[in-house]
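Source file target-v1.cif; content: mmCIF, C-alpha atoms and all ligand atoms.
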data_structure
loop_
_atom_site.group_PDB
_atom_site.id
_atom_site.type_symbol
_atom_site.label_atom_id
_atom_site.label_comp_id
_atom_site.auth_asym_id
_atom_site.auth_seq_id
_atom_site.Cartn_x
_atom_site.Cartn_y
_atom_site.Cartn_z
ATOM 1 C CA MET X 979 -37.965 9.378 -11.833
ATOM 2 C CA PRO X 980 -36.169 9.024 -15.220
ATOM 3 C CA ALA X 981 -32.819 10.803 -15.655
ATOM 4 C CA ILE X 982 -32.976 14.421 -16.791
ATOM 5 C CA ARG X 983 -31.343 14.711 -20.216
ATOM 6 C CA ILE X 984 -29.232 17.832 -20.671
ATOM 7 C CA GLY X 985 -28.361 18.821 -24.225
ATOM 8 C CA THR X 986 -25.257 20.804 -25.050
ATOM 9 C CA ARG X 987 -22.886 21.702 -27.842
ATOM 10 C CA GLY X 988 -19.602 19.847 -27.917
ATOM 11 C CA SER X 989 -17.241 22.797 -27.412
ATOM 12 C CA GLN X 990 -15.082 22.771 -24.317
ATOM 13 C CA LEU X 991 -16.906 25.788 -22.884
ATOM 14 C CA ALA X 992 -20.357 24.367 -23.633
ATOM 15 C CA GLN X 993 -19.417 21.065 -22.005
ATOM 16 C CA TRP X 994 -18.097 22.837 -18.931
ATOM 17 C CA GLN X 995 -21.390 24.708 -18.660
ATOM 18 C CA ALA X 996 -23.482 21.549 -19.077
ATOM 19 C CA ASN X 997 -21.353 19.727 -16.490
ATOM 20 C CA TRP X 998 -21.759 22.613 -14.090
ATOM 21 C CA VAL X 999 -25.547 22.444 -14.396
ATOM 22 C CA ALA X 1000 -25.440 18.627 -14.083
ATOM 23 C CA ASP X 1001 -23.351 18.872 -10.890
ATOM 24 C CA GLN X 1002 -25.787 21.337 -9.344
ATOM 25 C CA LEU X 1003 -28.736 19.084 -10.158
ATOM 26 C CA ARG X 1004 -26.966 15.942 -8.902
ATOM 27 C CA ALA X 1005 -26.147 17.728 -5.654
ATOM 28 C CA GLY X 1006 -29.899 18.221 -5.321
ATOM 29 C CA GLY X 1007 -30.437 14.474 -5.774
ATOM 30 C CA ALA X 1008 -31.434 14.347 -9.454
ATOM 31 C CA GLU X 1009 -30.178 11.781 -11.936
ATOM 32 C CA VAL X 1010 -28.682 13.504 -14.979
ATOM 33 C CA GLU X 1011 -27.448 12.473 -18.393
ATOM 34 C CA ILE X 1012 -25.568 14.779 -20.797
ATOM 35 C CA ILE X 1013 -26.206 14.520 -24.529
ATOM 36 C CA GLN X 1014 -23.938 16.250 -27.037
ATOM 37 C CA ILE X 1015 -25.476 17.898 -30.080
ATOM 38 C CA ALA X 1016 -23.567 19.278 -33.055
ATOM 39 C CA THR X 1017 -24.777 22.676 -34.260
ATOM 40 C CA GLN X 1018 -24.208 24.585 -37.478
ATOM 41 C CA GLY X 1019 -21.971 26.982 -35.573
ATOM 42 C CA ASP X 1020 -19.652 24.125 -34.590
ATOM 43 C CA VAL X 1021 -19.241 22.591 -38.007
ATOM 44 C CA THR X 1022 -19.101 25.586 -40.330
ATOM 45 C CA LYS X 1023 -16.006 27.710 -40.843
ATOM 46 C CA GLY X 1024 -15.871 31.385 -41.785
ATOM 47 C CA PRO X 1025 -17.366 34.518 -40.271
ATOM 48 C CA LEU X 1026 -20.633 33.945 -38.425
ATOM 49 C CA ASP X 1027 -22.491 36.493 -40.563
ATOM 50 C CA SER X 1028 -21.878 34.445 -43.703
ATOM 51 C CA ILE X 1029 -23.424 31.254 -42.265
ATOM 52 C CA GLY X 1030 -26.713 32.877 -41.486
ATOM 53 C CA GLY X 1031 -25.943 34.256 -38.042
ATOM 54 C CA ARG X 1032 -29.077 33.979 -36.022
ATOM 55 C CA GLY X 1033 -29.328 30.867 -33.905
ATOM 56 C CA VAL X 1034 -26.396 28.956 -35.418
ATOM 57 C CA PHE X 1035 -25.400 27.654 -31.985
ATOM 58 C CA THR X 1036 -28.890 26.984 -30.668
ATOM 59 C CA THR X 1037 -31.362 25.873 -33.358
ATOM 60 C CA GLU X 1038 -30.409 22.176 -33.351
ATOM 61 C CA ILE X 1039 -30.499 22.067 -29.554
ATOM 62 C CA GLN X 1040 -33.958 23.619 -29.498
ATOM 63 C CA ALA X 1041 -35.085 21.075 -32.098
ATOM 64 C CA ALA X 1042 -33.834 18.246 -29.825
ATOM 65 C CA LEU X 1043 -35.827 19.764 -26.976
ATOM 66 C CA LEU X 1044 -39.004 19.938 -29.058
ATOM 67 C CA ASP X 1045 -38.459 16.349 -30.318
ATOM 68 C CA ASN X 1046 -38.173 15.098 -26.733
ATOM 69 C CA ARG X 1047 -34.584 13.901 -27.257
ATOM 70 C CA ILE X 1048 -33.420 16.100 -24.361
ATOM 71 C CA ASP X 1049 -35.206 17.808 -21.456
ATOM 72 C CA VAL X 1050 -32.972 20.801 -20.740
ATOM 73 C CA ALA X 1051 -30.943 22.946 -23.109
ATOM 74 C CA VAL X 1052 -27.991 24.760 -21.558
ATOM 75 C CA HIS X 1053 -27.287 27.830 -23.662
ATOM 76 C CA SER X 1054 -24.805 30.666 -23.472
ATOM 77 C CA LEU X 1055 -27.532 33.309 -23.363
ATOM 78 C CA LYS X 1056 -25.488 35.532 -25.609
ATOM 79 C CA ASP X 1057 -25.975 33.017 -28.422
ATOM 80 C CA LEU X 1058 -29.708 32.489 -27.881
ATOM 81 C CA PRO X 1059 -31.936 34.532 -30.227
ATOM 82 C CA THR X 1060 -34.403 36.785 -28.422
ATOM 83 C CA GLU X 1061 -37.480 35.661 -30.366
ATOM 84 C CA ALA X 1062 -39.658 33.253 -28.414
ATOM 85 C CA VAL X 1063 -39.811 29.694 -29.790
ATOM 86 C CA ALA X 1064 -43.289 28.152 -29.627
ATOM 87 C CA GLY X 1065 -43.384 25.306 -27.114
ATOM 88 C CA LEU X 1066 -40.177 26.301 -25.282
ATOM 89 C CA ARG X 1067 -39.512 28.364 -22.192
ATOM 90 C CA LEU X 1068 -36.412 29.971 -20.713
ATOM 91 C CA THR X 1069 -37.060 28.754 -17.210
ATOM 92 C CA ALA X 1070 -33.939 29.607 -15.210
ATOM 93 C CA VAL X 1071 -30.859 31.836 -15.358
ATOM 94 C CA PRO X 1072 -28.115 30.918 -12.875
ATOM 95 C CA GLU X 1073 -26.074 33.650 -11.224
ATOM 96 C CA ARG X 1074 -24.036 35.649 -13.705
ATOM 97 C CA ALA X 1075 -20.526 36.030 -12.377
ATOM 98 C CA ALA X 1076 -18.565 37.925 -15.005
ATOM 99 C CA ASP X 1077 -20.430 39.978 -17.589
ATOM 100 C CA GLY X 1078 -17.668 41.964 -19.261
ATOM 101 C CA ASP X 1079 -15.137 41.801 -22.086
ATOM 102 C CA VAL X 1080 -11.412 41.450 -21.532
ATOM 103 C CA LEU X 1081 -8.336 42.508 -23.461
ATOM 104 C CA ILE X 1082 -5.660 39.882 -23.929
ATOM 105 C CA SER X 1083 -2.409 41.254 -25.244
ATOM 106 C CA PRO X 1084 1.336 40.898 -24.787
ATOM 107 C CA LYS X 1085 1.661 44.539 -25.904
ATOM 108 C CA ALA X 1086 -0.588 46.703 -23.752
ATOM 109 C CA SER X 1087 -2.508 46.734 -20.521
ATOM 110 C CA ASP X 1088 -5.550 48.597 -21.821
ATOM 111 C CA VAL X 1089 -7.198 49.648 -25.069
ATOM 112 C CA LEU X 1090 -5.866 53.198 -25.055
ATOM 113 C CA SER X 1091 -2.221 52.134 -24.688
ATOM 114 C CA LEU X 1092 -2.241 49.641 -27.577
ATOM 115 C CA PRO X 1093 0.382 50.548 -30.208
ATOM 116 C CA ASN X 1094 -0.706 52.723 -33.116
ATOM 117 C CA GLU X 1095 -2.592 50.690 -35.756
ATOM 118 C CA ALA X 1096 -2.443 47.595 -33.567
ATOM 119 C CA ILE X 1097 -4.036 44.471 -35.091
ATOM 120 C CA ILE X 1098 -6.984 43.297 -33.027
ATOM 121 C CA GLY X 1099 -8.642 39.912 -33.449
ATOM 122 C CA THR X 1100 -12.404 39.804 -33.042
ATOM 123 C CA GLY X 1101 -15.273 38.492 -35.139
ATOM 124 C CA SER X 1102 -17.822 40.547 -33.262
ATOM 125 C CA MET X 1103 -19.334 43.630 -34.881
ATOM 126 C CA ARG X 1104 -20.181 44.949 -31.426
ATOM 127 C CA ARG X 1105 -16.581 44.728 -30.217
ATOM 128 C CA LYS X 1106 -15.203 46.051 -33.497
ATOM 129 C CA ALA X 1107 -17.477 49.106 -33.545
ATOM 130 C CA GLN X 1108 -16.838 50.032 -29.916
ATOM 131 C CA LEU X 1109 -13.067 49.619 -30.365
ATOM 132 C CA LEU X 1110 -13.063 51.802 -33.477
ATOM 133 C CA HIS X 1111 -15.084 54.421 -31.625
ATOM 134 C CA LEU X 1112 -12.279 54.605 -29.037
ATOM 135 C CA ARG X 1113 -9.386 54.200 -31.473
ATOM 136 C CA SER X 1114 -10.053 54.705 -35.178
ATOM 137 C CA ASP X 1115 -6.474 53.635 -35.982
ATOM 138 C CA LEU X 1116 -6.971 50.036 -34.813
ATOM 139 C CA GLN X 1117 -6.900 47.324 -37.484
ATOM 140 C CA ILE X 1118 -9.691 44.866 -36.777
ATOM 141 C CA ARG X 1119 -9.231 41.357 -38.190
ATOM 142 C CA ASP X 1120 -11.644 38.445 -38.004
ATOM 143 C CA ILE X 1121 -10.879 35.535 -35.669
ATOM 144 C CA ARG X 1122 -12.855 32.323 -35.193
ATOM 145 C CA GLY X 1123 -12.551 29.141 -33.217
ATOM 146 C CA ASN X 1124 -12.852 28.107 -29.608
ATOM 147 C CA LEU X 1125 -10.969 29.843 -26.815
ATOM 148 C CA ASP X 1126 -7.854 27.666 -27.137
ATOM 149 C CA THR X 1127 -7.627 28.314 -30.855
ATOM 150 C CA ARG X 1128 -8.002 32.056 -30.443
ATOM 151 C CA LEU X 1129 -5.392 32.250 -27.703
ATOM 152 C CA ARG X 1130 -2.987 30.191 -29.816
ATOM 153 C CA LYS X 1131 -3.463 32.527 -32.787
ATOM 154 C CA LEU X 1132 -2.598 35.448 -30.494
ATOM 155 C CA ASP X 1133 0.459 33.624 -29.117
ATOM 156 C CA ASP X 1134 1.578 32.812 -32.679
ATOM 157 C CA GLY X 1135 1.755 36.546 -33.349
ATOM 158 C CA HIS X 1136 -1.160 36.905 -35.769
ATOM 159 C CA TYR X 1137 -2.642 39.701 -33.631
ATOM 160 C CA ASP X 1138 -1.439 42.334 -31.161
ATOM 161 C CA ALA X 1139 -4.494 41.737 -28.984
ATOM 162 C CA ILE X 1140 -7.752 39.837 -28.897
ATOM 163 C CA ILE X 1141 -10.987 40.539 -27.048
ATOM 164 C CA LEU X 1142 -12.923 37.768 -25.304
ATOM 165 C CA ALA X 1143 -15.741 37.423 -22.826
ATOM 166 C CA GLU X 1144 -14.415 37.311 -19.277
ATOM 167 C CA ALA X 1145 -16.899 34.565 -18.337
ATOM 168 C CA GLY X 1146 -15.556 31.949 -20.739
ATOM 169 C CA LEU X 1147 -11.967 32.419 -19.605
ATOM 170 C CA ARG X 1148 -12.947 32.192 -15.957
ATOM 171 C CA ARG X 1149 -14.978 29.029 -16.467
ATOM 172 C CA LEU X 1150 -12.117 27.296 -18.241
ATOM 173 C CA GLU X 1151 -9.615 28.511 -15.627
ATOM 174 C CA MET X 1152 -7.680 30.583 -18.117
ATOM 175 C CA TYR X 1153 -8.052 33.769 -16.115
ATOM 176 C CA GLU X 1154 -4.294 34.172 -15.827
ATOM 177 C CA ARG X 1155 -4.480 35.241 -19.484
ATOM 178 C CA ILE X 1156 -6.679 38.216 -18.664
ATOM 179 C CA ARG X 1157 -4.648 41.366 -18.997
ATOM 180 C CA HIS X 1158 -7.403 43.883 -18.463
ATOM 181 C CA VAL X 1159 -11.140 43.940 -17.924
ATOM 182 C CA ILE X 1160 -12.424 46.594 -20.320
ATOM 183 C CA PRO X 1161 -14.526 49.120 -18.383
ATOM 184 C CA LYS X 1162 -18.206 49.348 -19.251
ATOM 185 C CA THR X 1163 -17.662 53.027 -20.122
ATOM 186 C CA GLN X 1164 -15.512 51.844 -23.057
ATOM 187 C CA MET X 1165 -17.335 48.689 -24.080
ATOM 188 C CA LEU X 1166 -20.762 47.340 -23.231
ATOM 189 C CA PRO X 1167 -21.104 43.554 -23.362
ATOM 190 C CA ALA X 1168 -23.367 41.556 -25.634
ATOM 191 C CA VAL X 1169 -26.923 40.984 -24.511
ATOM 192 C CA GLY X 1170 -26.839 38.023 -22.116
ATOM 193 C CA GLN X 1171 -23.058 37.828 -21.999
ATOM 194 C CA GLY X 1172 -21.709 35.731 -19.147
ATOM 195 C CA ALA X 1173 -25.092 34.232 -18.292
ATOM 196 C CA LEU X 1174 -26.406 30.734 -18.921
ATOM 197 C CA GLY X 1175 -29.970 30.153 -20.020
ATOM 198 C CA LEU X 1176 -31.746 26.928 -19.101
ATOM 199 C CA GLU X 1177 -34.497 26.183 -21.580
ATOM 200 C CA ILE X 1178 -37.178 23.473 -21.298
ATOM 201 C CA ARG X 1179 -40.396 22.413 -22.998
ATOM 202 C CA GLU X 1180 -43.080 24.830 -21.860
ATOM 203 C CA ASN X 1181 -45.321 22.066 -20.450
ATOM 204 C CA ASP X 1182 -42.525 20.130 -18.664
ATOM 205 C CA MET X 1183 -43.328 20.910 -15.040
ATOM 206 C CA VAL X 1184 -40.958 18.225 -13.742
ATOM 207 C CA SER X 1185 -37.882 19.896 -15.268
ATOM 208 C CA ALA X 1186 -39.181 23.328 -14.278
ATOM 209 C CA ASP X 1187 -39.280 22.232 -10.626
ATOM 210 C CA VAL X 1188 -35.871 20.584 -10.755
ATOM 211 C CA LEU X 1189 -34.269 23.692 -12.290
ATOM 212 C CA ALA X 1190 -36.009 26.279 -10.115
ATOM 213 C CA PRO X 1191 -33.306 26.272 -7.383
ATOM 214 C CA LEU X 1192 -30.669 27.166 -10.001
ATOM 215 C CA ASN X 1193 -32.424 30.406 -10.889
ATOM 216 C CA HIS X 1194 -30.846 33.633 -9.626
ATOM 217 C CA ALA X 1195 -33.574 36.258 -9.764
ATOM 218 C CA PRO X 1196 -31.314 39.351 -10.112
ATOM 219 C CA SER X 1197 -29.412 37.750 -13.017
ATOM 220 C CA HIS X 1198 -32.658 36.575 -14.607
ATOM 221 C CA TYR X 1199 -34.262 40.024 -14.451
ATOM 222 C CA SER X 1200 -31.091 41.676 -15.756
ATOM 223 C CA VAL X 1201 -30.930 39.466 -18.824
ATOM 224 C CA LEU X 1202 -34.676 39.766 -19.425
ATOM 225 C CA ALA X 1203 -34.199 43.543 -19.643
ATOM 226 C CA GLU X 1204 -31.230 43.182 -22.011
ATOM 227 C CA ARG X 1205 -33.085 40.698 -24.214
ATOM 228 C CA SER X 1206 -36.190 42.873 -24.298
ATOM 229 C CA MET X 1207 -34.045 45.791 -25.453
ATOM 230 C CA LEU X 1208 -32.506 43.780 -28.296
ATOM 231 C CA ARG X 1209 -35.830 42.233 -29.339
ATOM 232 C CA ASN X 1210 -37.470 45.656 -29.496
ATOM 233 C CA LEU X 1211 -34.569 46.989 -31.564
ATOM 234 C CA ARG X 1212 -34.852 43.955 -33.851
ATOM 235 C CA GLY X 1213 -31.086 43.822 -33.608
ATOM 236 C CA GLY X 1214 -30.172 40.151 -33.577
ATOM 237 C CA CYS X 1215 -27.042 38.866 -31.902
ATOM 238 C CA LEU X 1216 -24.714 40.036 -34.671
ATOM 239 C CA ALA X 1217 -25.699 43.719 -34.575
ATOM 240 C CA PRO X 1218 -23.329 46.366 -33.154
ATOM 241 C CA VAL X 1219 -25.441 46.544 -30.002
ATOM 242 C CA GLY X 1220 -24.280 46.351 -26.387
ATOM 243 C CA ALA X 1221 -26.249 46.225 -23.158
ATOM 244 C CA TRP X 1222 -25.627 46.021 -19.461
ATOM 245 C CA GLY X 1223 -28.387 45.208 -17.023
ATOM 246 C CA ARG X 1224 -27.745 44.865 -13.308
ATOM 247 C CA ILE X 1225 -29.585 45.158 -10.030
ATOM 248 C CA ASP X 1226 -28.603 47.568 -7.314
ATOM 249 C CA ASP X 1227 -29.278 45.547 -4.170
ATOM 250 C CA ALA X 1228 -29.497 48.521 -1.842
ATOM 251 C CA LYS X 1229 -32.013 50.395 -4.009
ATOM 252 C CA GLN X 1230 -33.726 47.241 -5.350
ATOM 253 C CA LEU X 1231 -33.652 48.800 -8.806
ATOM 254 C CA LEU X 1232 -32.747 47.354 -12.174
ATOM 255 C CA PHE X 1233 -30.448 49.589 -14.239
ATOM 256 C CA LEU X 1234 -30.048 49.075 -17.968
ATOM 257 C CA ASP X 1235 -27.578 50.794 -20.301
ATOM 258 C CA GLY X 1236 -27.707 50.263 -24.047
ATOM 259 C CA VAL X 1237 -25.463 51.277 -26.919
ATOM 260 C CA VAL X 1238 -25.594 51.097 -30.702
ATOM 261 C CA VAL X 1239 -22.487 51.991 -32.707
ATOM 262 C CA SER X 1240 -22.018 52.259 -36.456
ATOM 263 C CA GLY X 1241 -19.752 49.534 -37.825
ATOM 264 C CA ASP X 1242 -16.999 52.076 -38.500
ATOM 265 C CA GLY X 1243 -17.206 53.444 -34.955
ATOM 266 C CA HIS X 1244 -18.087 56.999 -36.054
ATOM 267 C CA HIS X 1245 -21.572 57.149 -34.632
ATOM 268 C CA LYS X 1246 -22.441 56.015 -31.145
ATOM 269 C CA ILE X 1247 -25.793 56.366 -29.457
ATOM 270 C CA THR X 1248 -26.546 55.462 -25.863
ATOM 271 C CA ALA X 1249 -29.583 55.265 -23.591
ATOM 272 C CA SER X 1250 -30.368 54.173 -20.038
ATOM 273 C CA ALA X 1251 -33.367 53.454 -17.857
ATOM 274 C CA CYS X 1252 -34.078 52.017 -14.456
ATOM 275 C CA GLY X 1253 -37.044 50.673 -12.528
ATOM 276 C CA PRO X 1254 -38.267 47.820 -10.379
ATOM 277 C CA PRO X 1255 -36.781 44.453 -11.419
ATOM 278 C CA ASN X 1256 -40.188 42.934 -12.142
ATOM 279 C CA ARG X 1257 -40.615 45.563 -14.885
ATOM 280 C CA ALA X 1258 -37.506 44.257 -16.675
ATOM 281 C CA GLU X 1259 -39.204 43.899 -20.059
ATOM 282 C CA ASP X 1260 -40.592 47.459 -19.914
ATOM 283 C CA ILE X 1261 -37.192 48.836 -18.967
ATOM 284 C CA GLY X 1262 -35.697 47.046 -21.974
ATOM 285 C CA ARG X 1263 -38.369 48.497 -24.231
ATOM 286 C CA GLN X 1264 -37.796 52.015 -22.884
ATOM 287 C CA VAL X 1265 -34.084 51.831 -23.660
ATOM 288 C CA ALA X 1266 -34.839 50.418 -27.137
ATOM 289 C CA ASP X 1267 -37.301 53.266 -27.776
ATOM 290 C CA GLN X 1268 -34.754 55.885 -26.730
ATOM 291 C CA LEU X 1269 -32.154 54.289 -29.004
ATOM 292 C CA ALA X 1270 -34.660 54.097 -31.871
ATOM 293 C CA ILE X 1271 -35.444 57.824 -31.584
ATOM 294 C CA GLN X 1272 -31.746 58.506 -32.049
ATOM 295 C CA GLY X 1273 -31.548 56.397 -35.211
ATOM 296 C CA ALA X 1274 -30.546 52.937 -33.924
ATOM 297 C CA GLU X 1275 -32.382 51.033 -36.630
ATOM 298 C CA ARG X 1276 -30.537 52.838 -39.400
ATOM 299 C CA LEU X 1277 -27.168 52.065 -37.803
ATOM 300 C CA ILE X 1278 -28.071 48.397 -37.381
ATOM 301 C CA ALA X 1279 -29.397 48.047 -40.932
ATOM 302 C CA PHE X 1280 -26.312 49.764 -42.319
ATOM 303 C CA ALA X 1281 -23.921 47.563 -40.357
ATOM 304 C CA ARG X 1282 -25.792 44.475 -41.565
ATOM 305 C CA ALA X 1283 -25.753 45.549 -45.202
ATOM 306 C CA THR X 1284 -22.080 46.519 -45.324
ATOM 307 C CA GLY X 1285 -20.568 44.111 -42.816
ATOM 308 C CA GLY X 1286 -19.307 47.138 -40.967
HETATM 309 N N1 LIG X 1301 -20.274 33.396 -29.312
HETATM 310 C C1 LIG X 1301 -19.195 32.889 -28.594
HETATM 311 C C2 LIG X 1301 -19.384 32.902 -27.115
HETATM 312 N N2 LIG X 1301 -20.568 32.633 -26.528
HETATM 313 C C3 LIG X 1301 -20.404 32.736 -25.168
HETATM 314 C C4 LIG X 1301 -19.074 33.073 -24.930
HETATM 315 C C5 LIG X 1301 -18.429 33.316 -23.642
HETATM 316 C C6 LIG X 1301 -19.181 33.042 -22.402
HETATM 317 C C7 LIG X 1301 -20.391 33.898 -22.173
HETATM 318 O O1 LIG X 1301 -20.444 35.080 -22.550
HETATM 319 O O2 LIG X 1301 -21.315 33.361 -21.544
HETATM 320 C C8 LIG X 1301 -18.423 33.160 -26.150
HETATM 321 C C9 LIG X 1301 -16.986 33.453 -26.390
HETATM 322 C C10 LIG X 1301 -16.601 34.919 -26.338
HETATM 323 O O3 LIG X 1301 -17.356 35.794 -26.732
HETATM 324 O O4 LIG X 1301 -15.456 35.207 -25.927
#
Final structure tokens representation of the file:
Amino acid sequence: MPAIRIGTRGSQLAQWQANWVADQLRAGGAEVEIIQIATQGDVTKGPLDSIGGRGVFTTEIQAALLDNRIDVAVHSLKDLPTEAVAGLRLTAVPERAADGDVLISPKASDVLSLPNEAIIGTGSMRRKAQLLHLRSDLQIRDIRGNLDTRLRKLDDGHYDAIILAEAGLRRLEMYERIRHVIPKTQMLPAVGQGALGLEIRENDMVSADVLAPLNHAPSHYSVLAERSMLRNLRGGCLAPVGAWGRIDDAKQLLFLDGVVVSGDGHHKITASACGPPNRAEDIGRQVADQLAIQGAERLIAFARATGG
């Protein structure tokens, strides 16, 4: 059997993720090769919104998959647009370990005890809006770059705190930097946050079989619900939208919470639904419908038009 070619971005986190998948497959006896692919999101500077947003980290990798230059794309699901791409299939989602956001700050141990008018580094509209909803005094400033760069900018004193995904810090063994895991009552994560998505060509049964053991059904159903919610809201990954899907093992039910916040934090709407895990897409649509009734689309359109 020829080696399975895994395609990944070149960032430290992306490479860790690709290596993790490769190790799992090799442990199962497969031969694996890793191929690095530069994406628009890696080469362009400036806020993500200004370079087109949607799919900046994933489009080139999906093109490589369609061109048969790679067999498996390892994505951070948070960066993967929710619209289906003809010819491709999200075939497996490994177990999601950490799905939340964390506060990293030398000044405070949680959001509410940050100093008045503290300067917070984040480029995410979702994080910005939820922070401002909690604390309208906070001064949100853009920050870009990989994890190392962001942590260095914090250490250099450019910010009083930054917000990052817990998953990335854990993978790169930088968890000693985590000051506080922000509770879900204060901040809902991005759709797909903390989960990997393994994408293949739709008709590639060989890769589908090889990847099947890496799938974790509860994580897969949870992210399907989150992605269905976002797709039905037509939000896109840059909208001020948060979601949290998870499975209650004892009840065998999938729970999904969703939130949409205006860019300035003034307006916040929430919705929830639950049901059997195999109805994940319906549950996502129900939450999207409830959010839409409360005016979600207006908040999203406004945030997009004004940048906040
Ligand atoms: N867009 C950046 C991005 N994409 C995935 C992660 C972290 C890991 C994950 O959520 O899977 C990050 C960094 C961050 O938000 O702190």
Go ahead and compute the interatomic distance for CA of Gln1002 (chain X) and CA of Glu1073 (chain X), in Å to one decimal. 12.5 Å
Do you know which residues the PyMOL selection byres (((chain X and resi 1260-1262) around 12) and not hetatm) returns on this file, as an mmCIF file with C-alpha atoms, keeping the file's coordinate frame?
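Listing of out.cif after writing:
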data_model
loop_
_atom_site.group_PDB
_atom_site.id
_atom_site.type_symbol
_atom_site.label_atom_id
_atom_site.label_comp_id
_atom_site.auth_asym_id
_atom_site.auth_seq_id
_atom_site.Cartn_x
_atom_site.Cartn_y
_atom_site.Cartn_z
ATOM 1 C CA VAL X 1169 -26.923 40.984 -24.511
ATOM 2 C CA TYR X 1199 -34.262 40.024 -14.451
ATOM 3 C CA SER X 1200 -31.091 41.676 -15.756
ATOM 4 C CA VAL X 1201 -30.930 39.466 -18.824
ATOM 5 C CA LEU X 1202 -34.676 39.766 -19.425
ATOM 6 C CA ALA X 1203 -34.199 43.543 -19.643
ATOM 7 C CA GLU X 1204 -31.230 43.182 -22.011
ATOM 8 C CA ARG X 1205 -33.085 40.698 -24.214
ATOM 9 C CA SER X 1206 -36.190 42.873 -24.298
ATOM 10 C CA MET X 1207 -34.045 45.791 -25.453
ATOM 11 C CA LEU X 1208 -32.506 43.780 -28.296
ATOM 12 C CA ARG X 1209 -35.830 42.233 -29.339
ATOM 13 C CA ASN X 1210 -37.470 45.656 -29.496
ATOM 14 C CA LEU X 1211 -34.569 46.989 -31.564
ATOM 15 C CA ALA X 1221 -26.249 46.225 -23.158
ATOM 16 C CA TRP X 1222 -25.627 46.021 -19.461
ATOM 17 C CA GLY X 1223 -28.387 45.208 -17.023
ATOM 18 C CA ARG X 1224 -27.745 44.865 -13.308
ATOM 19 C CA LEU X 1231 -33.652 48.800 -8.806
ATOM 20 C CA LEU X 1232 -32.747 47.354 -12.174
ATOM 21 C CA PHE X 1233 -30.448 49.589 -14.239
ATOM 22 C CA LEU X 1234 -30.048 49.075 -17.968
ATOM 23 C CA ASP X 1235 -27.578 50.794 -20.301
ATOM 24 C CA GLY X 1236 -27.707 50.263 -24.047
ATOM 25 C CA ALA X 1249 -29.583 55.265 -23.591
ATOM 26 C CA SER X 1250 -30.368 54.173 -20.038
ATOM 27 C CA ALA X 1251 -33.367 53.454 -17.857
ATOM 28 C CA CYS X 1252 -34.078 52.017 -14.456
ATOM 29 C CA GLY X 1253 -37.044 50.673 -12.528
ATOM 30 C CA PRO X 1254 -38.267 47.820 -10.379
ATOM 31 C CA PRO X 1255 -36.781 44.453 -11.419
ATOM 32 C CA ASN X 1256 -40.188 42.934 -12.142
ATOM 33 C CA ARG X 1257 -40.615 45.563 -14.885
ATOM 34 C CA ALA X 1258 -37.506 44.257 -16.675
ATOM 35 C CA GLU X 1259 -39.204 43.899 -20.059
ATOM 36 C CA ARG X 1263 -38.369 48.497 -24.231
ATOM 37 C CA GLN X 1264 -37.796 52.015 -22.884
ATOM 38 C CA VAL X 1265 -34.084 51.831 -23.660
ATOM 39 C CA ALA X 1266 -34.839 50.418 -27.137
ATOM 40 C CA ASP X 1267 -37.301 53.266 -27.776
ATOM 41 C CA GLN X 1268 -34.754 55.885 -26.730
ATOM 42 C CA LEU X 1269 -32.154 54.289 -29.004
#
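Neighbouring residues of ligand LIG 1301 (chain X) at a cut-off of 8 Å, counting only C-alpha atoms and all ligand atoms, are Leu991, Ser1054, Leu1055, Lys1056, Asp1057, Asp1077, Asp1079, Asn1124, Leu1125, Ile1141, Leu1142, Ala1143, Glu1144, Ala1145, Gly1146, Leu1147, Ala1168, Gly1170, Gln1171, Gly1172, Ala1173 and Leu1174 of chain X.
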Selected residue, from X:Gln1272, X:Arg1074, X:Leu1192, X:Ser989, that lies nearest to Ile1225 (chain X) when counting all atoms listed in the file: X:Arg1074
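Pairwise distance (CA of Thr1163 (chain X), CA of Met1103 (chain X)) equals 17.6 Å.
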What lies within 12 Å of Val1184 (chain X) using all atoms listed in the file, ignoring chain neighbours under 3 positions off, as an NGL selection string? :X and (979-982 or 1008 or 1049-1050 or 1069 or 1178-1181 or 1187-1190)
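Note that the spacing between CA of Leu1058 (chain X) and CA of Thr1037 (chain X) amounts to 8.7 Å.
Of the residues listed (X:Val1219, X:Ala1005, X:Ala1096, X:Val1052), X:Val1052 shows the shortest atom-to-atom separation from Ala1070 (chain X); distances use all atoms listed in the file.
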Would you write out, as an MDAnalysis selection string, every residue that the PyMOL selection byres (((chain X and resi 1135) around 12) and not hetatm) captures in this file? chainID X and resid 1083:1085 1096:1099 1128:1134 1136:1140
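With all atoms listed in the file as the atoms that count, the residue of X:Thr1036, X:Gln1230, X:Asn1046, X:Asn1193 with the shortest distance to Thr1060 (chain X) is X:Thr1036.
Closest approach to Ala1051 (chain X) among X:Thr986, X:Ser1091, X:Gln1117, X:Ser1240 is made by X:Thr986 (distances from all atoms listed in the file).
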Name all residues at most 9 Å from Ile1012 (chain X) (count all atoms listed in the file; drop same-chain ones fewer than 5 positions away) and give them as a count of residues only. 10
Out of X:Val1237, X:Glu1154, X:Ala1274, X:Arg1104, which residue has the shortest atom-to-atom distance to Ala1217 (chain X) when counting only C-alpha atoms? X:Arg1104
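For the residues X:Gly1123, X:Asp1088, X:Ala1228, X:Gln1108, ranking by smallest atom-to-atom distance to Gly1241 (chain X) using all atoms listed in the file places X:Gln1108 first.
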Let me know the residues the PyMOL selection byres (((chain X and resi 1120) around 6) and not hetatm) catches in the file above, as number ranges by chain. X: 1099-1101, 1119, 1121
List the residues sitting within 8 Å of (-11.5, 41.4, -17.3) in the file's frame, using only C-alpha atoms, as a ChimeraX atom specification. /X:1078-1081,1144,1156-1160
